[in-house]
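Participant: Submitted below is the structure of interest, expressed as structure tokens.
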Amino acid sequence: MAMLGFEQAPKSRLNNLLPRISCTGATAFRDAVMKGNQLMLQLFALFCKKGAHDKFKFVHVVLTDGEDNKSQVSLQEFLKYQAYLRQELPEDILQTFYIGVNVENNQTVQREMQAILQCSGKSASYYPIHSNGINDIFQKIQMQIGLRVQQKGLVIESDKRQIALMQKQFQPVLQMKVNNYIVLFTLDISGSMSGNWGQVCNAVSGFLGNLGSNDLVSGIVFNDKVEVVTQSNAQPQKPVQSQQYQNQYQVSNVRDEECQIF
């Protein structure tokens, strides 16, 4: 697990590593998300060998503030891969939460996210938010995966709708056979994120503080390059090459018409 970059939540280095990162460069969103997808598939395969695949809930939190302008993987390839991922890790195993910061007026981002959700089905959710709602949406995600909130009402605004939440005192809630969480944060560190990066670090820290001793976490950051920051001797990853994923994973059984761009 350590080789893949996953570590126990209470011992995670993310609280120390993330605040040291400077935001600069462009946005390789698709490359980063696919890197995270591949890591979770590898970890799931490892758990299957150990007979522990039904004891974990995989959670992928993806945050960006702009459209992809640097990925090697095309949108159509990405969509086809998400349909394949849904087959391998269905919604009862993996939930992906896409967060778009200040992108509500970016029509390209909105269209691409609609296409991604279509291919991902119920396994994915998308939240366009304003920058002042970063911490609140992280709390909402914790509620959705089964961390119950007690006391003190809170109202946040997301996608022009008010969502009533409760704040403070999170407690784990057993869901079906799921005993533990595996949480992967895939975070945009392009230049435009510089003004919001402190809020992101605080939101991740709060999330980590509510996970248990047997939960696992990992972190990916991306701009022009993709880096798994929790891997030992982490180095920026080579861009995902076009068609590379088809050779590594059998996605040929996904029909092209299942995932059209628009």
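Every chain in the structure tokens has a letter given in the order shown (A, B, ...), and although residue numbers restart at 1 in each chain, ligands are simply numbered from 1 in the order shown.
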So which residues touch stretch 61-69 of chain A within 9 Å, counting only C-alpha atoms, skipping near sequence neighbours fewer than 6 positions away, as a ChimeraX atom specification?
Facilitator: /A:26-30,33,95-103,106,108-109,112,138,141,183-190,192-193,200,224
Participant: If we count only C-alpha atoms, what is near A:Val217 at a cut-off of 9 Å, once residues fewer than 3 positions away on the same chain are taken out, given as a PyMOL selection string?
Facilitator: chain A and resi 5-9+12+14+181-185+208+230
Participant: If you keep C-alpha atoms, can you produce a file of those selected residues as a compact mmCIF listing (two decimals), in the first residue's frame?
Facilitator:
# COMPACT_ATOMS: atom_id res chain seq x y z
CA GLY A 5 1.08 6.14 -1.82
CA PHE A 6 -1.64 5.14 0.65
CA GLU A 7 -1.01 5.60 4.38
CA GLN A 8 -2.97 5.40 7.62
CA ALA A 9 -5.06 8.53 8.12
CA SER A 12 -0.74 10.89 7.05
CA LEU A 14 -0.65 15.43 3.94
CA TYR A 181 -12.57 4.28 4.17
CA ILE A 182 -9.90 4.76 1.54
CA VAL A 183 -9.81 8.44 0.60
CA LEU A 184 -7.83 9.88 -2.30
CA PHE A 185 -7.56 13.65 -2.70
CA LEU A 208 -8.34 13.74 7.85
CA THR A 230 2.33 10.62 -0.38
Participant: Can you tell me how far atom CA of A:Leu46 sits from atom CA of A:Asp215, in Å to one decimal?
Facilitator: 15.7 Å
Participant: Just the residues within 10 Å of A:Leu117, please, counting only C-alpha atoms, with nothing from its chain fewer than 3 positions along; format it as a ChimeraX atom specification.
Facilitator: /A:79,82-83,96,98,112-114,120-126,259
Participant: May I have the selected residues written with C-alpha atoms, as a JSON list (two decimals), in the first residue's frame?
Facilitator:
[["chain", "number", "residue", "atom", "x", "y", "z"],
["A", 79, "LEU", "CA", -14.87, 9.26, -20.78],
["A", 82, "GLN", "CA", -14.69, 6.28, -16.64],
["A", 83, "ALA", "CA", -17.28, 3.89, -18.08],
["A", 96, "THR", "CA", -16.08, 10.15, -6.84],
["A", 98, "TYR", "CA", -15.84, 16.41, -8.38],
["A", 112, "GLU", "CA", -17.36, 18.24, -19.91],
["A", 113, "MET", "CA", -18.57, 17.55, -16.38],
["A", 114, "GLN", "CA", -22.01, 16.61, -17.71],
["A", 120, "SER", "CA", -19.81, 7.52, -14.42],
["A", 121, "GLY", "CA", -23.46, 7.03, -13.52],
["A", 122, "LYS", "CA", -24.29, 7.06, -9.82],
["A", 123, "SER", "CA", -20.63, 6.58, -8.94],
["A", 124, "ALA", "CA", -19.89, 10.30, -9.35],
["A", 125, "SER", "CA", -21.24, 13.64, -8.14],
["A", 126, "TYR", "CA", -20.35, 17.18, -9.17],
["A", 259, "CYS", "CA", -19.78, 7.94, -23.66]]
Participant: DSSP on the backbone, strand (DSSP E) only: what residues of stretch 30-204 of chain A does that give? Format it as JSON, numbers by chain.
Facilitator: {"A": [56, 57, 58, 59, 60, 61, 62, 63, 64, 94, 95, 96, 97, 98, 99, 100, 101, 124, 125, 126, 127, 128, 129, 147, 148, 149, 153, 154, 155, 156, 157, 158, 161, 162, 163, 164, 165, 166, 170, 171, 172, 180, 181, 182, 183, 184, 185, 186, 187, 188]}
Participant: For the selection you just gave me, I'd like the residues written to a file as a PDB file, in the first residue's frame, keeping C-alpha atoms.
Facilitator:
ATOM      1  CA  PHE A  56     -13.519  -0.763   2.380  1.00  0.00           C
ATOM      2  CA  LYS A  57     -15.303   2.172   0.785  1.00  0.00           C
ATOM      3  CA  PHE A  58     -13.226   4.022  -1.814  1.00  0.00           C
ATOM      4  CA  VAL A  59     -13.711   7.801  -1.938  1.00  0.00           C
ATOM      5  CA  HIS A  60     -12.119  10.023  -4.587  1.00  0.00           C
ATOM      6  CA  VAL A  61     -12.290  13.783  -3.959  1.00  0.00           C
ATOM      7  CA  VAL A  62     -11.250  15.789  -7.039  1.00  0.00           C
ATOM      8  CA  LEU A  63     -10.947  19.582  -6.876  1.00  0.00           C
ATOM      9  CA  THR A  64     -10.149  21.968  -9.730  1.00  0.00           C
ATOM     10  CA  LEU A  94     -16.213   3.785  -5.205  1.00  0.00           C
ATOM     11  CA  GLN A  95     -17.722   7.255  -5.000  1.00  0.00           C
ATOM     12  CA  THR A  96     -16.081  10.154  -6.836  1.00  0.00           C
ATOM     13  CA  PHE A  97     -16.827  13.745  -5.847  1.00  0.00           C
ATOM     14  CA  TYR A  98     -15.842  16.411  -8.376  1.00  0.00           C
ATOM     15  CA  ILE A  99     -15.585  19.955  -7.009  1.00  0.00           C
ATOM     16  CA  GLY A 100     -15.405  22.891  -9.411  1.00  0.00           C
ATOM     17  CA  VAL A 101     -14.304  26.156  -7.787  1.00  0.00           C
ATOM     18  CA  ALA A 124     -19.893  10.298  -9.353  1.00  0.00           C
ATOM     19  CA  SER A 125     -21.242  13.639  -8.144  1.00  0.00           C
ATOM     20  CA  TYR A 126     -20.347  17.176  -9.167  1.00  0.00           C
ATOM     21  CA  TYR A 127     -20.442  20.333  -7.042  1.00  0.00           C
ATOM     22  CA  PRO A 128     -19.762  23.744  -8.604  1.00  0.00           C
ATOM     23  CA  ILE A 129     -19.020  26.100  -5.705  1.00  0.00           C
ATOM     24  CA  LEU A 147     -19.665  10.607   8.719  1.00  0.00           C
ATOM     25  CA  ARG A 148     -22.634  11.864  10.715  1.00  0.00           C
ATOM     26  CA  VAL A 149     -22.680  15.441  11.976  1.00  0.00           C
ATOM     27  CA  GLY A 153     -26.950  24.004  12.126  1.00  0.00           C
ATOM     28  CA  LEU A 154     -25.158  25.425   9.111  1.00  0.00           C
ATOM     29  CA  VAL A 155     -26.420  26.532   5.716  1.00  0.00           C
ATOM     30  CA  ILE A 156     -24.140  26.681   2.679  1.00  0.00           C
ATOM     31  CA  GLU A 157     -24.766  27.729  -0.885  1.00  0.00           C
ATOM     32  CA  SER A 158     -23.801  25.422  -3.739  1.00  0.00           C
ATOM     33  CA  ARG A 161     -29.132  26.258  -4.045  1.00  0.00           C
ATOM     34  CA  GLN A 162     -29.001  26.405  -0.284  1.00  0.00           C
ATOM     35  CA  ILE A 163     -28.098  23.116   1.347  1.00  0.00           C
ATOM     36  CA  ALA A 164     -28.828  22.681   5.046  1.00  0.00           C
ATOM     37  CA  LEU A 165     -26.050  20.927   6.933  1.00  0.00           C
ATOM     38  CA  MET A 166     -25.082  20.275  10.513  1.00  0.00           C
ATOM     39  CA  PHE A 170     -18.425  13.956  13.226  1.00  0.00           C
ATOM     40  CA  GLN A 171     -18.907  10.296  14.099  1.00  0.00           C
ATOM     41  CA  PRO A 172     -18.353   7.264  11.859  1.00  0.00           C
ATOM     42  CA  ASN A 180     -13.167   1.485   6.657  1.00  0.00           C
ATOM     43  CA  TYR A 181     -12.573   4.277   4.167  1.00  0.00           C
ATOM     44  CA  ILE A 182      -9.904   4.761   1.542  1.00  0.00           C
ATOM     45  CA  VAL A 183      -9.811   8.440   0.600  1.00  0.00           C
ATOM     46  CA  LEU A 184      -7.830   9.880  -2.297  1.00  0.00           C
ATOM     47  CA  PHE A 185      -7.560  13.650  -2.702  1.00  0.00           C
ATOM     48  CA  THR A 186      -6.720  14.810  -6.246  1.00  0.00           C
ATOM     49  CA  LEU A 187      -6.082  18.546  -6.047  1.00  0.00           C
ATOM     50  CA  ASP A 188      -5.435  21.274  -8.612  1.00  0.00           C
TER      51      ASP A 188
END
Participant: Considering only C-alpha atoms, state which residue in the set A:Gly219, A:Gly198, A:Gly51, A:Gly191 is at the smallest distance from A:Asn135.
Facilitator: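 So, comparing all the options, the nearest one is A:Gly198.
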Participant: Under the rule that only C-alpha atoms are counted, which of A:His130, A:Lys49, A:Leu41, A:Lys55 is the nearest residue to A:Glu104?
Facilitator: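 Under the stated criterion, the closest residue is A:His130.
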Participant: Within 8 Å of A:Cys201, counting only C-alpha atoms, which residues qualify if same-chain residues fewer than 6 places away don't, as a list of chain:residue names?
Facilitator: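 Here the answer would be A:Asn15, A:Leu18, A:Pro19.
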Participant: Those residues with C-alpha atoms, as an mmCIF file, in the first residue's frame please?
Facilitator:
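Once written, selection08.cif looks like this:
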data_model
loop_
_atom_site.group_PDB
_atom_site.id
_atom_site.type_symbol
_atom_site.label_atom_id
_atom_site.label_comp_id
_atom_site.auth_asym_id
_atom_site.auth_seq_id
_atom_site.Cartn_x
_atom_site.Cartn_y
_atom_site.Cartn_z
ATOM 1 C CA ASN A 15 -1.099 18.011 6.702
ATOM 2 C CA LEU A 18 0.220 20.262 1.204
ATOM 3 C CA PRO A 19 0.873 23.703 2.800
#
Participant: Calculated over only C-alpha atoms, which of the candidates A:Asn210, A:Asn37, A:Gln72, A:Gln110 has the smallest distance to A:Leu85?
Facilitator: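 Using only C-alpha atoms, A:Leu85 sits closest to A:Asn37.
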Participant: Can you tell me how far atom CA of A:Val204 sits from atom CA of A:Ile93, in Å to one decimal?
Facilitator: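 Interatomic distance, atom CA of A:Val204 to atom CA of A:Ile93: 21.5 Å.
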Participant: Name the residues in contact with A:Ile220 at a cut-off of 6 Å, using only C-alpha atoms, excluding same-chain residues fewer than 4 positions from it; report them as a PyMOL selection string.
Facilitator: chain A and resi 186+227-229
